[in-house]
file target-v6.pdb (PDB, C-alpha atoms)
ATOM      1  CA  MET C  22      33.093 200.998  26.872  1.00  0.00           C
ATOM      2  CA  VAL C  23      36.345 199.334  25.963  1.00  0.00           C
ATOM      3  CA  VAL C  24      38.305 202.123  27.650  1.00  0.00           C
ATOM      4  CA  ARG C  25      36.190 201.845  30.791  1.00  0.00           C
ATOM      5  CA  ALA C  26      36.738 198.083  30.835  1.00  0.00           C
ATOM      6  CA  VAL C  27      40.489 198.527  30.542  1.00  0.00           C
ATOM      7  CA  TYR C  28      40.434 201.206  33.283  1.00  0.00           C
ATOM      8  CA  PHE C  29      38.531 199.011  35.751  1.00  0.00           C
ATOM      9  CA  SER C  30      40.812 196.099  34.893  1.00  0.00           C
ATOM     10  CA  MET C  31      43.887 198.198  35.751  1.00  0.00           C
ATOM     11  CA  ILE C  32      42.348 199.391  39.016  1.00  0.00           C
ATOM     12  CA  SER C  33      41.467 195.884  40.084  1.00  0.00           C
ATOM     13  CA  GLY C  34      45.015 194.737  39.173  1.00  0.00           C
ATOM     14  CA  TRP C  35      46.532 197.434  41.342  1.00  0.00           C
ATOM     15  CA  LYS C  36      44.303 196.483  44.220  1.00  0.00           C
ATOM     16  CA  HIS C  37      45.113 192.832  43.737  1.00  0.00           C
ATOM     17  CA  THR C  38      48.825 193.607  43.654  1.00  0.00           C
ATOM     18  CA  GLY C  39      48.518 195.693  46.796  1.00  0.00           C
ATOM     19  CA  ARG C  40      46.788 192.862  48.605  1.00  0.00           C
ATOM     20  CA  ARG C  41      49.530 190.435  47.562  1.00  0.00           C
ATOM     21  CA  ARG C  42      52.229 192.731  48.942  1.00  0.00           C
ATOM     22  CA  LEU C  43      50.522 192.791  52.332  1.00  0.00           C
ATOM     23  CA  ARG C  44      50.074 189.071  52.695  1.00  0.00           C
ATOM     24  CA  ALA C  45      51.766 187.255  55.635  1.00  0.00           C
ATOM     25  CA  PHE C  46      54.735 184.895  55.373  1.00  0.00           C
ATOM     26  CA  THR C  47      53.966 181.251  55.108  1.00  0.00           C
ATOM     27  CA  PHE C  48      55.431 178.813  57.630  1.00  0.00           C
ATOM     28  CA  VAL C  49      57.849 177.487  55.006  1.00  0.00           C
ATOM     29  CA  GLU C  50      59.068 180.983  54.199  1.00  0.00           C
ATOM     30  CA  LEU C  51      59.674 181.692  57.888  1.00  0.00           C
ATOM     31  CA  LEU C  52      61.710 178.505  58.160  1.00  0.00           C
ATOM     32  CA  VAL C  53      63.790 179.580  55.165  1.00  0.00           C
ATOM     33  CA  VAL C  54      64.458 183.007  56.706  1.00  0.00           C
ATOM     34  CA  ILE C  55      65.419 181.476  60.065  1.00  0.00           C
ATOM     35  CA  THR C  56      67.735 179.024  58.309  1.00  0.00           C
ATOM     36  CA  LEU C  57      69.421 181.817  56.354  1.00  0.00           C
ATOM     37  CA  LEU C  58      69.892 183.846  59.535  1.00  0.00           C
ATOM     38  CA  GLY C  59      71.431 180.819  61.221  1.00  0.00           C
ATOM     39  CA  VAL C  60      73.851 180.379  58.322  1.00  0.00           C
ATOM     40  CA  LEU C  61      74.842 184.058  58.478  1.00  0.00           C
ATOM     41  CA  VAL C  62      75.413 183.905  62.233  1.00  0.00           C
ATOM     42  CA  SER C  63      77.514 180.749  61.915  1.00  0.00           C
ATOM     43  CA  MET C  64      79.599 182.449  59.229  1.00  0.00           C
ATOM     44  CA  MET C  65      80.112 185.546  61.378  1.00  0.00           C
ATOM     45  CA  ALA C  66      80.825 183.720  64.665  1.00  0.00           C
ATOM     46  CA  PRO C  67      84.529 182.923  63.950  1.00  0.00           C
ATOM     47  CA  ALA C  68      85.185 186.518  62.909  1.00  0.00           C
ATOM     48  CA  MET C  69      83.446 187.835  66.028  1.00  0.00           C
ATOM     49  CA  ALA C  70      85.392 185.436  68.251  1.00  0.00           C
ATOM     50  CA  LYS C  71      88.649 186.490  66.599  1.00  0.00           C
ATOM     51  CA  ALA C  72      87.789 190.161  67.098  1.00  0.00           C
ATOM     52  CA  LEU C  73      87.017 189.545  70.781  1.00  0.00           C
ATOM     53  CA  THR C  74      90.310 187.689  71.264  1.00  0.00           C
ATOM     54  CA  LYS C  75      92.222 190.524  69.616  1.00  0.00           C
ATOM     55  CA  ALA C  76      90.436 193.101  71.767  1.00  0.00           C
ATOM     56  CA  GLN C  77      91.389 191.203  74.930  1.00  0.00           C
ATOM     57  CA  GLU C  78      95.008 190.952  73.797  1.00  0.00           C
ATOM     58  CA  THR C  79      95.070 194.711  73.127  1.00  0.00           C
ATOM     59  CA  TYR C  80      93.513 195.459  76.527  1.00  0.00           C
ATOM     60  CA  CYS C  81      96.133 193.263  78.192  1.00  0.00           C
ATOM     61  CA  MET C  82      98.928 194.964  76.255  1.00  0.00           C
ATOM     62  CA  ASN C  83      97.721 198.407  77.322  1.00  0.00           C
ATOM     63  CA  ASN C  84      97.748 197.278  80.957  1.00  0.00           C
ATOM     64  CA  LEU C  85     101.257 195.900  80.607  1.00  0.00           C
ATOM     65  CA  ARG C  86     102.360 199.119  78.903  1.00  0.00           C
ATOM     66  CA  ASN C  87     101.152 201.069  81.944  1.00  0.00           C
ATOM     67  CA  VAL C  88     103.151 198.741  84.190  1.00  0.00           C
ATOM     68  CA  SER C  89     106.273 199.202  82.043  1.00  0.00           C
ATOM     69  CA  ILE C  90     105.900 202.979  82.043  1.00  0.00           C
ATOM     70  CA  GLY C  91     105.473 202.847  85.819  1.00  0.00           C
ATOM     71  CA  GLN C  92     108.733 200.910  86.026  1.00  0.00           C
ATOM     72  CA  ILE C  93     110.541 203.598  84.000  1.00  0.00           C
ATOM     73  CA  LEU C  94     109.207 206.339  86.284  1.00  0.00           C
ATOM     74  CA  TYR C  95     110.209 204.328  89.342  1.00  0.00           C
ATOM     75  CA  THR C  96     113.733 203.858  87.948  1.00  0.00           C
ATOM     76  CA  GLN C  97     114.105 207.587  87.362  1.00  0.00           C
ATOM     77  CA  ASP C  98     113.123 208.264  90.971  1.00  0.00           C
ATOM     78  CA  HIS C  99     115.561 205.679  92.390  1.00  0.00           C
ATOM     79  CA  ASP C 100     118.889 206.608  90.807  1.00  0.00           C
ATOM     80  CA  ASP C 101     118.402 204.193  87.892  1.00  0.00           C
ATOM     81  CA  HIS C 102     117.769 201.168  90.085  1.00  0.00           C
ATOM     82  CA  LEU C 103     115.068 198.894  88.671  1.00  0.00           C
ATOM     83  CA  VAL C 104     112.076 198.061  90.800  1.00  0.00           C
ATOM     84  CA  PRO C 105     112.963 194.933  92.820  1.00  0.00           C
ATOM     85  CA  HIS C 106     110.839 191.813  92.857  1.00  0.00           C
ATOM     86  CA  ALA C 107     110.209 192.421  96.571  1.00  0.00           C
ATOM     87  CA  ILE C 108     111.784 194.285  99.458  1.00  0.00           C
ATOM     88  CA  ASN C 109     112.132 193.152 103.049  1.00  0.00           C
ATOM     89  CA  ARG C 110     109.460 195.471 104.425  1.00  0.00           C
ATOM     90  CA  LYS C 111     105.911 194.867 105.601  1.00  0.00           C
ATOM     91  CA  PRO C 112     103.351 196.101 103.051  1.00  0.00           C
ATOM     92  CA  SER C 113     100.451 198.444 103.705  1.00  0.00           C
ATOM     93  CA  PRO C 114      97.216 196.959 105.134  1.00  0.00           C
ATOM     94  CA  ASN C 115      95.436 197.253 101.770  1.00  0.00           C
ATOM     95  CA  ALA C 116      98.313 195.831  99.724  1.00  0.00           C
ATOM     96  CA  ILE C 117      97.628 194.373  96.282  1.00  0.00           C
ATOM     97  CA  ILE C 118      99.553 191.274  97.351  1.00  0.00           C
ATOM     98  CA  PRO C 119      99.033 190.588 101.072  1.00  0.00           C
ATOM     99  CA  ASN C 120     102.148 189.437 102.869  1.00  0.00           C
ATOM    100  CA  SER C 121     103.249 189.560 106.489  1.00  0.00           C
ATOM    101  CA  LYS C 122     106.899 190.441 105.760  1.00  0.00           C
ATOM    102  CA  MET C 123     107.543 191.478 102.155  1.00  0.00           C
ATOM    103  CA  THR C 124     106.310 194.236  99.874  1.00  0.00           C
ATOM    104  CA  MET C 125     106.001 192.842  96.352  1.00  0.00           C
ATOM    105  CA  TRP C 126     106.705 194.764  93.162  1.00  0.00           C
ATOM    106  CA  PRO C 127     103.051 195.550  92.236  1.00  0.00           C
ATOM    107  CA  ASP C 128     102.711 197.432  95.538  1.00  0.00           C
ATOM    108  CA  LEU C 129     105.982 199.246  94.854  1.00  0.00           C
ATOM    109  CA  LEU C 130     104.671 200.345  91.450  1.00  0.00           C
ATOM    110  CA  GLU C 131     101.045 201.075  92.337  1.00  0.00           C
ATOM    111  CA  THR C 132     101.557 204.815  92.862  1.00  0.00           C
ATOM    112  CA  TYR C 133     103.323 205.016  89.478  1.00  0.00           C
ATOM    113  CA  VAL C 134     100.740 202.940  87.623  1.00  0.00           C
ATOM    114  CA  GLY C 135      97.753 204.625  89.265  1.00  0.00           C
ATOM    115  CA  ASP C 136      95.243 201.787  89.045  1.00  0.00           C
ATOM    116  CA  ARG C 137      95.722 198.300  90.441  1.00  0.00           C
ATOM    117  CA  ARG C 138      93.558 196.884  87.680  1.00  0.00           C
ATOM    118  CA  ALA C 139      96.537 197.468  85.377  1.00  0.00           C
ATOM    119  CA  PHE C 140      98.186 194.376  86.876  1.00  0.00           C
ATOM    120  CA  ARG C 141      95.498 192.105  85.413  1.00  0.00           C
ATOM    121  CA  CYS C 142      94.921 190.420  82.083  1.00  0.00           C
ATOM    122  CA  PRO C 143      91.333 189.817  80.893  1.00  0.00           C
ATOM    123  CA  CYS C 144      92.329 186.293  79.838  1.00  0.00           C
ATOM    124  CA  MET C 145      93.893 185.190  83.133  1.00  0.00           C
ATOM    125  CA  LYS C 146      92.293 182.194  84.832  1.00  0.00           C
ATOM    126  CA  CYS C 147      92.794 183.364  88.414  1.00  0.00           C
ATOM    127  CA  ASP C 148      90.424 185.513  90.472  1.00  0.00           C
ATOM    128  CA  PRO C 149      89.625 188.529  88.221  1.00  0.00           C
ATOM    129  CA  GLY C 150      89.026 190.735  91.256  1.00  0.00           C
ATOM    130  CA  ARG C 151      92.206 189.941  93.202  1.00  0.00           C
ATOM    131  CA  GLY C 152      94.551 188.019  90.951  1.00  0.00           C
ATOM    132  CA  ILE C 153      97.726 189.243  89.250  1.00  0.00           C
ATOM    133  CA  GLY C 154      98.229 188.450  85.570  1.00  0.00           C
ATOM    134  CA  PHE C 155     101.779 189.710  85.062  1.00  0.00           C
ATOM    135  CA  GLY C 156     105.041 188.486  86.517  1.00  0.00           C
ATOM    136  CA  MET C 157     108.503 189.963  86.992  1.00  0.00           C
ATOM    137  CA  ASN C 158     111.466 188.155  85.512  1.00  0.00           C
ATOM    138  CA  LEU C 159     113.641 186.919  88.380  1.00  0.00           C
ATOM    139  CA  GLY C 160     116.479 186.382  85.921  1.00  0.00           C
ATOM    140  CA  VAL C 161     116.721 190.181  85.707  1.00  0.00           C
ATOM    141  CA  ALA C 162     115.570 191.131  89.211  1.00  0.00           C
ATOM    142  CA  GLY C 163     118.346 188.928  90.555  1.00  0.00           C
ATOM    143  CA  GLU C 164     116.764 187.825  93.824  1.00  0.00           C
ATOM    144  CA  PHE C 165     113.341 187.097  95.206  1.00  0.00           C
ATOM    145  CA  VAL C 166     113.564 189.672  98.016  1.00  0.00           C
ATOM    146  CA  ALA C 167     116.015 192.547  98.451  1.00  0.00           C
ATOM    147  CA  GLU C 168     116.858 194.329 101.665  1.00  0.00           C
ATOM    148  CA  SER C 169     115.985 197.711 100.167  1.00  0.00           C
ATOM    149  CA  GLU C 170     115.318 199.529  96.908  1.00  0.00           C
ATOM    150  CA  VAL C 171     119.007 200.327  96.377  1.00  0.00           C
ATOM    151  CA  LYS C 172     119.820 196.614  96.362  1.00  0.00           C
ATOM    152  CA  ALA C 173     117.861 196.151  93.147  1.00  0.00           C
ATOM    153  CA  PRO C 174     119.836 195.833  89.875  1.00  0.00           C
ATOM    154  CA  HIS C 175     121.098 199.082  88.377  1.00  0.00           C
ATOM    155  CA  ALA C 176     119.853 199.790  84.858  1.00  0.00           C
ATOM    156  CA  SER C 177     123.447 200.011  83.619  1.00  0.00           C
ATOM    157  CA  ARG C 178     123.911 196.298  84.393  1.00  0.00           C
ATOM    158  CA  ILE C 179     121.393 195.291  81.736  1.00  0.00           C
ATOM    159  CA  LEU C 180     123.420 194.918  78.541  1.00  0.00           C
ATOM    160  CA  ASN C 181     120.466 194.871  76.112  1.00  0.00           C
ATOM    161  CA  PRO C 182     117.458 196.585  77.759  1.00  0.00           C
ATOM    162  CA  ALA C 183     115.456 196.550  74.513  1.00  0.00           C
ATOM    163  CA  LEU C 184     115.931 192.766  74.261  1.00  0.00           C
ATOM    164  CA  THR C 185     115.520 191.829  77.911  1.00  0.00           C
ATOM    165  CA  ILE C 186     112.116 190.865  79.305  1.00  0.00           C
ATOM    166  CA  TYR C 187     111.217 192.322  82.681  1.00  0.00           C
ATOM    167  CA  PHE C 188     107.439 191.751  82.772  1.00  0.00           C
ATOM    168  CA  ALA C 189     105.131 189.385  80.906  1.00  0.00           C
ATOM    169  CA  ASP C 190     101.897 187.411  81.034  1.00  0.00           C
ATOM    170  CA  SER C 191     102.571 184.898  83.779  1.00  0.00           C
ATOM    171  CA  ALA C 192     100.943 182.106  85.751  1.00  0.00           C
ATOM    172  CA  PHE C 193     101.583 178.894  87.613  1.00  0.00           C
ATOM    173  CA  ILE C 194     101.808 176.130  85.001  1.00  0.00           C
ATOM    174  CA  THR C 195      99.855 172.945  85.606  1.00  0.00           C
ATOM    175  CA  PRO C 196     101.958 169.909  86.582  1.00  0.00           C
ATOM    176  CA  GLU C 197     100.512 168.037  83.599  1.00  0.00           C
ATOM    177  CA  THR C 198     101.808 170.584  81.055  1.00  0.00           C
ATOM    178  CA  MET C 199     104.982 171.971  82.659  1.00  0.00           C
ATOM    179  CA  HIS C 200     107.221 169.512  80.795  1.00  0.00           C
ATOM    180  CA  ARG C 201     105.441 169.871  77.456  1.00  0.00           C
ATOM    181  CA  PRO C 202     106.472 172.271  74.667  1.00  0.00           C
ATOM    182  CA  MET C 203     106.099 175.913  75.684  1.00  0.00           C
ATOM    183  CA  ASN C 204     103.101 176.559  73.448  1.00  0.00           C
ATOM    184  CA  GLU C 205     101.218 173.826  75.348  1.00  0.00           C
ATOM    185  CA  TRP C 206     101.708 175.283  78.814  1.00  0.00           C
ATOM    186  CA  GLN C 207      98.389 175.772  80.598  1.00  0.00           C
ATOM    187  CA  GLU C 208      97.457 177.969  83.529  1.00  0.00           C
ATOM    188  CA  ASP C 209      96.855 176.331  86.899  1.00  0.00           C
ATOM    189  CA  THR C 210      93.337 177.455  87.843  1.00  0.00           C
ATOM    190  CA  SER C 211      93.786 176.348  91.456  1.00  0.00           C
ATOM    191  CA  ARG C 212      95.891 179.476  92.105  1.00  0.00           C
ATOM    192  CA  PRO C 213      93.332 182.259  92.748  1.00  0.00           C
ATOM    193  CA  LEU C 214      95.934 185.035  93.125  1.00  0.00           C
ATOM    194  CA  GLY C 215      97.821 184.071  89.970  1.00  0.00           C
ATOM    195  CA  SER C 216     101.566 184.676  89.769  1.00  0.00           C
ATOM    196  CA  TRP C 217     103.653 187.858  89.967  1.00  0.00           C
ATOM    197  CA  THR C 218     106.908 185.957  89.434  1.00  0.00           C
ATOM    198  CA  ILE C 219     108.580 184.571  86.317  1.00  0.00           C
ATOM    199  CA  ARG C 220     111.192 181.891  86.853  1.00  0.00           C
ATOM    200  CA  THR C 221     113.718 181.067  84.163  1.00  0.00           C
ATOM    201  CA  PRO C 222     115.462 177.829  83.120  1.00  0.00           C
ATOM    202  CA  ASP C 223     118.575 178.663  85.149  1.00  0.00           C
ATOM    203  CA  ASP C 224     116.489 179.044  88.316  1.00  0.00           C
ATOM    204  CA  ARG C 225     116.838 176.103  90.721  1.00  0.00           C
ATOM    205  CA  PHE C 226     113.074 176.272  91.332  1.00  0.00           C
ATOM    206  CA  TRP C 227     112.190 176.073  87.620  1.00  0.00           C
ATOM    207  CA  ASP C 228     110.564 172.663  88.080  1.00  0.00           C
ATOM    208  CA  TRP C 229     109.570 172.987  91.723  1.00  0.00           C
ATOM    209  CA  ILE C 230     107.740 176.308  91.459  1.00  0.00           C
ATOM    210  CA  PRO C 231     106.653 176.558  87.808  1.00  0.00           C
ATOM    211  CA  THR C 232     105.757 180.253  87.600  1.00  0.00           C
ATOM    212  CA  ARG C 233     106.424 181.055  83.973  1.00  0.00           C
ATOM    213  CA  VAL C 234     105.463 183.167  81.010  1.00  0.00           C
ATOM    214  CA  ILE C 235     102.076 181.925  79.803  1.00  0.00           C
ATOM    215  CA  PRO C 236     100.917 182.095  76.146  1.00  0.00           C
ATOM    216  CA  ARG C 237      97.402 183.358  76.915  1.00  0.00           C
ATOM    217  CA  HIS C 238      96.704 184.956  73.569  1.00  0.00           C
ATOM    218  CA  GLY C 239      96.516 182.221  70.962  1.00  0.00           C
ATOM    219  CA  GLY C 240     100.054 180.972  71.514  1.00  0.00           C
ATOM    220  CA  ARG C 241     101.367 184.482  72.147  1.00  0.00           C
ATOM    221  CA  ALA C 242     102.298 186.373  75.295  1.00  0.00           C
ATOM    222  CA  ASN C 243     102.508 190.097  75.943  1.00  0.00           C
ATOM    223  CA  VAL C 244     105.963 191.026  77.204  1.00  0.00           C
ATOM    224  CA  GLY C 245     107.413 194.266  78.588  1.00  0.00           C
ATOM    225  CA  PHE C 246     111.127 194.936  78.150  1.00  0.00           C
ATOM    226  CA  VAL C 247     113.521 196.732  80.480  1.00  0.00           C
ATOM    227  CA  ASP C 248     113.597 199.801  78.225  1.00  0.00           C
ATOM    228  CA  GLY C 249     109.806 200.178  78.680  1.00  0.00           C
ATOM    229  CA  HIS C 250     108.437 199.033  75.324  1.00  0.00           C
ATOM    230  CA  VAL C 251     105.863 196.221  75.055  1.00  0.00           C
ATOM    231  CA  GLU C 252     105.381 193.567  72.379  1.00  0.00           C
ATOM    232  CA  SER C 253     103.179 190.587  71.612  1.00  0.00           C
ATOM    233  CA  ARG C 254     105.420 187.606  70.924  1.00  0.00           C
ATOM    234  CA  GLU C 255     104.993 183.929  70.205  1.00  0.00           C
ATOM    235  CA  ILE C 256     106.122 181.968  73.250  1.00  0.00           C
ATOM    236  CA  ASN C 257     108.729 180.153  71.141  1.00  0.00           C
ATOM    237  CA  GLN C 258     110.356 183.492  70.286  1.00  0.00           C
ATOM    238  CA  LEU C 259     111.351 184.239  73.876  1.00  0.00           C
ATOM    239  CA  GLY C 260     114.306 181.868  74.022  1.00  0.00           C
ATOM    240  CA  PHE C 261     113.371 179.698  76.999  1.00  0.00           C
ATOM    241  CA  GLY C 262     114.882 176.742  75.171  1.00  0.00           C
ATOM    242  CA  HIS C 263     118.298 178.442  74.992  1.00  0.00           C
ATOM    243  CA  PRO C 264     120.996 178.698  77.684  1.00  0.00           C
ATOM    244  CA  VAL C 265     122.116 181.855  79.483  1.00  0.00           C
ATOM    245  CA  GLY C 266     123.883 184.256  77.131  1.00  0.00           C
ATOM    246  CA  HIS C 267     122.452 182.828  73.904  1.00  0.00           C
ATOM    247  CA  PRO C 268     121.773 185.644  71.377  1.00  0.00           C
ATOM    248  CA  GLU C 269     118.136 184.560  70.949  1.00  0.00           C
ATOM    249  CA  ASN C 270     117.551 184.392  74.687  1.00  0.00           C
ATOM    250  CA  LEU C 271     115.370 187.289  75.907  1.00  0.00           C
ATOM    251  CA  TRP C 272     115.060 186.241  79.540  1.00  0.00           C
ATOM    252  CA  ASP C 273     118.512 186.975  81.009  1.00  0.00           C
ATOM    253  CA  ARG C 274     120.366 190.255  81.428  1.00  0.00           C
ATOM    254  CA  TYR C 275     123.503 189.286  79.464  1.00  0.00           C
TER     255      TYR C 275
END

call {"tool": "encode", "arguments": {"input": "target-v6.pdb", "output": "structure tokens"}}
result
Amino acid sequence: MVVRAVYFSMISGWKHTGRRRLRAFTFVELLVVITLLGVLVSMMAPAMAKALTKAQETYCMNNLRNVSIGQILYTQDHDDHLVPHAINRKPSPNAIIPNSKMTMWPDLLETYVGDRRAFRCPCMKCDPGRGIGFGMNLGVAGEFVAESEVKAPHASRILNPALTIYFADSAFITPETMHRPMNEWQEDTSRPLGSWTIRTPDDRFWDWIPTRVIPRHGGRANVGFVDGHVESREINQLGFGHPVGHPENLWDRY
């Protein structure tokens, strides 16, 4: 009898335990779970945002790398003349940059790059469907518009191609920030097509037409050098505060 009593007691305990495992959450327990989930999400949000920012910077760099490679291929096909900023020739009807008289450098490089989306940065503030996120350095190109391809600078004239910027993240800078420190420059969102030109401190239009390198990526900008390689650099490392010929200046050809 004692054994049977113990047996039935164990069976009832198992059943009781089973019922307790199947019981529903109380309202308080649900609130605790929701609170814990909220805490976890808030802890993960900065890391996720940082990962997204890094992914966008990498995507932008890959686009700029394609542009730089296209420039190298163009140079090889044009007797070592760099692609000019623009040539005095009417562009095709479906040009990347519409213009009634000039063909701009993205249209000169399109066949070498292969995809016009390569001229865009995912972080640019202009029209993502039509805008241009990268500019050409006029300090290297020499002039805004050339008469022909052979009037563009010859590669041999660039003394330090691995230390000379030819392309970079660019934009019109807002009038409110154009005279602030470089890391505070902000993109002018009223320019839907963006900017395909980079002006330098020795340019007479530096203050009148503020198309400059823009630090889109957390104070950094992606830059493509004349020799074809691409880097992510802090805006203060590009030497815009130095005069022409300064050893830390990466924006002129000397």

call {"tool": "residues_around", "arguments": {"input": "target-v6.pdb", "residues": "C:Gly260", "least_positions_apart": "6", "cutoff": "10 Å", "atoms": "all atoms listed in the file", "output": "compact mmCIF listing (two decimals) with C-alpha atoms, keeping the file's coordinate frame"}}
result
# COMPACT_ATOMS: atom_id res chain seq x y z
CA HIS C 267 122.45 182.83 73.90
CA PRO C 268 121.77 185.64 71.38
CA GLU C 269 118.14 184.56 70.95
CA ASN C 270 117.55 184.39 74.69
CA LEU C 271 115.37 187.29 75.91
CA TRP C 272 115.06 186.24 79.54
CA ASP C 273 118.51 186.98 81.01

call {"tool": "resolve_selection", "arguments": {"input": "target-v6.pdb", "expression": "the PyMOL selection byres ((chain C and resi 258) around 12)", "output": "ChimeraX atom specification"}}
result
/C:184,186,203-204,234,236,240-244,252-257,259-263,268-272

call {"tool": "closest_residue", "arguments": {"input": "target-v6.pdb", "among": "C:Thr232, C:Ser63, C:Asn115, C:Asn87", "to": "C:Asn158", "atoms": "only C-alpha atoms"}}
result
C:Thr232

call {"tool": "resolve_selection", "arguments": {"input": "target-v6.pdb", "expression": "the PyMOL selection byres ((chain C and resi 172) around 12)", "output": "VMD selection string"}}
result
chain C and resid 99 to 109 162 to 171 173 to 176

call {"tool": "resolve_selection", "arguments": {"input": "target-v6.pdb", "expression": "the PyMOL selection byres ((chain C and resi 146-153) around 12)", "output": "short mmCIF file (atom, residue, chain, number, x, y, z; two decimals) with C-alpha atoms, keeping the file's coordinate frame"}}
result
data_model
loop_
_atom_site.label_atom_id
_atom_site.label_comp_id
_atom_site.auth_asym_id
_atom_site.auth_seq_id
_atom_site.Cartn_x
_atom_site.Cartn_y
_atom_site.Cartn_z
CA CYS C 81 96.13 193.26 78.19
CA ASN C 84 97.75 197.28 80.96
CA LEU C 85 101.26 195.90 80.61
CA ASN C 115 95.44 197.25 101.77
CA ALA C 116 98.31 195.83 99.72
CA ILE C 117 97.63 194.37 96.28
CA ILE C 118 99.55 191.27 97.35
CA PRO C 119 99.03 190.59 101.07
CA MET C 125 106.00 192.84 96.35
CA TRP C 126 106.70 194.76 93.16
CA PRO C 127 103.05 195.55 92.24
CA ASP C 128 102.71 197.43 95.54
CA ARG C 137 95.72 198.30 90.44
CA ARG C 138 93.56 196.88 87.68
CA ALA C 139 96.54 197.47 85.38
CA PHE C 140 98.19 194.38 86.88
CA ARG C 141 95.50 192.10 85.41
CA CYS C 142 94.92 190.42 82.08
CA PRO C 143 91.33 189.82 80.89
CA CYS C 144 92.33 186.29 79.84
CA MET C 145 93.89 185.19 83.13
CA GLY C 154 98.23 188.45 85.57
CA PHE C 155 101.78 189.71 85.06
CA GLY C 156 105.04 188.49 86.52
CA MET C 157 108.50 189.96 86.99
CA PHE C 188 107.44 191.75 82.77
CA ALA C 189 105.13 189.38 80.91
CA ASP C 190 101.90 187.41 81.03
CA SER C 191 102.57 184.90 83.78
CA ALA C 192 100.94 182.11 85.75
CA PHE C 193 101.58 178.89 87.61
CA ILE C 194 101.81 176.13 85.00
CA THR C 195 99.86 172.94 85.61
CA GLN C 207 98.39 175.77 80.60
CA GLU C 208 97.46 177.97 83.53
CA ASP C 209 96.86 176.33 86.90
CA THR C 210 93.34 177.46 87.84
CA SER C 211 93.79 176.35 91.46
CA ARG C 212 95.89 179.48 92.10
CA PRO C 213 93.33 182.26 92.75
CA LEU C 214 95.93 185.04 93.12
CA GLY C 215 97.82 184.07 89.97
CA SER C 216 101.57 184.68 89.77
CA TRP C 217 103.65 187.86 89.97
CA THR C 218 106.91 185.96 89.43
CA ILE C 235 102.08 181.92 79.80
CA ARG C 237 97.40 183.36 76.92
#

call {"tool": "atom_distance", "arguments": {"input": "target-v6.pdb", "atom1": "atom CA of C:Val247", "atom2": "atom CA of C:Ser89"}}
result
7.8 Å

call {"tool": "atom_distance", "arguments": {"input": "target-v6.pdb", "atom1": "atom CA of C:Tyr275", "atom2": "atom CA of C:Ala183"}}
result
11.9 Å

call {"tool": "atom_distance", "arguments": {"input": "target-v6.pdb", "atom1": "atom CA of C:Phe246", "atom2": "atom CA of C:Asn120"}}
result
26.9 Å

call {"tool": "closest_residue", "arguments": {"input": "target-v6.pdb", "among": "C:Pro196, C:Gly249, C:Pro182, C:Pro202", "to": "C:Arg86", "atoms": "all atoms listed in the file"}}
result
C:Gly249

call {"tool": "closest_residue", "arguments": {"input": "target-v6.pdb", "among": "C:Leu180, C:Asp248, C:His238, C:Gly160", "to": "C:Arg225", "atoms": "all atoms listed in the file"}}
result
C:Gly160

call {"tool": "closest_residue", "arguments": {"input": "target-v6.pdb", "among": "C:Asn181, C:Phe226, C:Pro231, C:Gly59", "to": "C:Thr198", "atoms": "only C-alpha atoms"}}
result
C:Pro231

call {"tool": "axis_aligned_box", "arguments": {"input": "target-v6.pdb", "around": "stretch 261-275 of chain C", "padding_each_side": "5 Å", "output": "AutoDock Vina command-line options"}}
result
--center_x 118.6 --center_y 183.5 --center_z 76.2 --size_x 20.5 --size_y 23.5 --size_z 20.5

call {"tool": "closest_residue", "arguments": {"input": "target-v6.pdb", "among": "C:Asp224, C:Gly266, C:Arg233, C:Ile179", "to": "C:Met199", "atoms": "only C-alpha atoms"}}
result
C:Arg233

call {"tool": "closest_residue", "arguments": {"input": "target-v6.pdb", "among": "C:Pro264, C:Gly91, C:Pro114, C:Gly239", "to": "C:Thr132", "atoms": "only C-alpha atoms"}}
result
C:Gly91

call {"tool": "build_atoms", "arguments": {"input": "target-v6.pdb", "residues": "stretch 266-273 of chain C", "atoms": "N, CA and C atoms", "output": "mmCIF file, in the frame of the given file"}}
result
data_model
loop_
_atom_site.group_PDB
_atom_site.id
_atom_site.type_symbol
_atom_site.label_atom_id
_atom_site.label_comp_id
_atom_site.auth_asym_id
_atom_site.auth_seq_id
_atom_site.Cartn_x
_atom_site.Cartn_y
_atom_site.Cartn_z
ATOM 1 N N GLY C 266 122.935 183.625 78.034
ATOM 2 C CA GLY C 266 123.883 184.256 77.131
ATOM 3 C C GLY C 266 123.652 183.984 75.664
ATOM 4 N N HIS C 267 122.723 183.108 75.309
ATOM 5 C CA HIS C 267 122.452 182.828 73.904
ATOM 6 C C HIS C 267 121.863 184.080 73.258
ATOM 7 N N PRO C 268 122.253 184.406 72.017
ATOM 8 C CA PRO C 268 121.773 185.644 71.377
ATOM 9 C C PRO C 268 120.262 185.706 71.161
ATOM 10 N N GLU C 269 119.592 184.548 71.135
ATOM 11 C CA GLU C 269 118.136 184.560 70.949
ATOM 12 C C GLU C 269 117.393 184.414 72.271
ATOM 13 N N ASN C 270 118.122 184.501 73.354
ATOM 14 C CA ASN C 270 117.551 184.392 74.687
ATOM 15 C C ASN C 270 117.153 185.790 75.172
ATOM 16 N N LEU C 271 115.860 185.977 75.470
ATOM 17 C CA LEU C 271 115.370 187.289 75.907
ATOM 18 C C LEU C 271 115.083 187.345 77.405
ATOM 19 N N TRP C 272 115.451 186.302 78.141
ATOM 20 C CA TRP C 272 115.060 186.241 79.540
ATOM 21 C C TRP C 272 116.207 186.482 80.532
ATOM 22 N N ASP C 273 117.446 186.635 80.066
ATOM 23 C CA ASP C 273 118.512 186.975 81.009
ATOM 24 C C ASP C 273 119.085 188.355 80.676
#
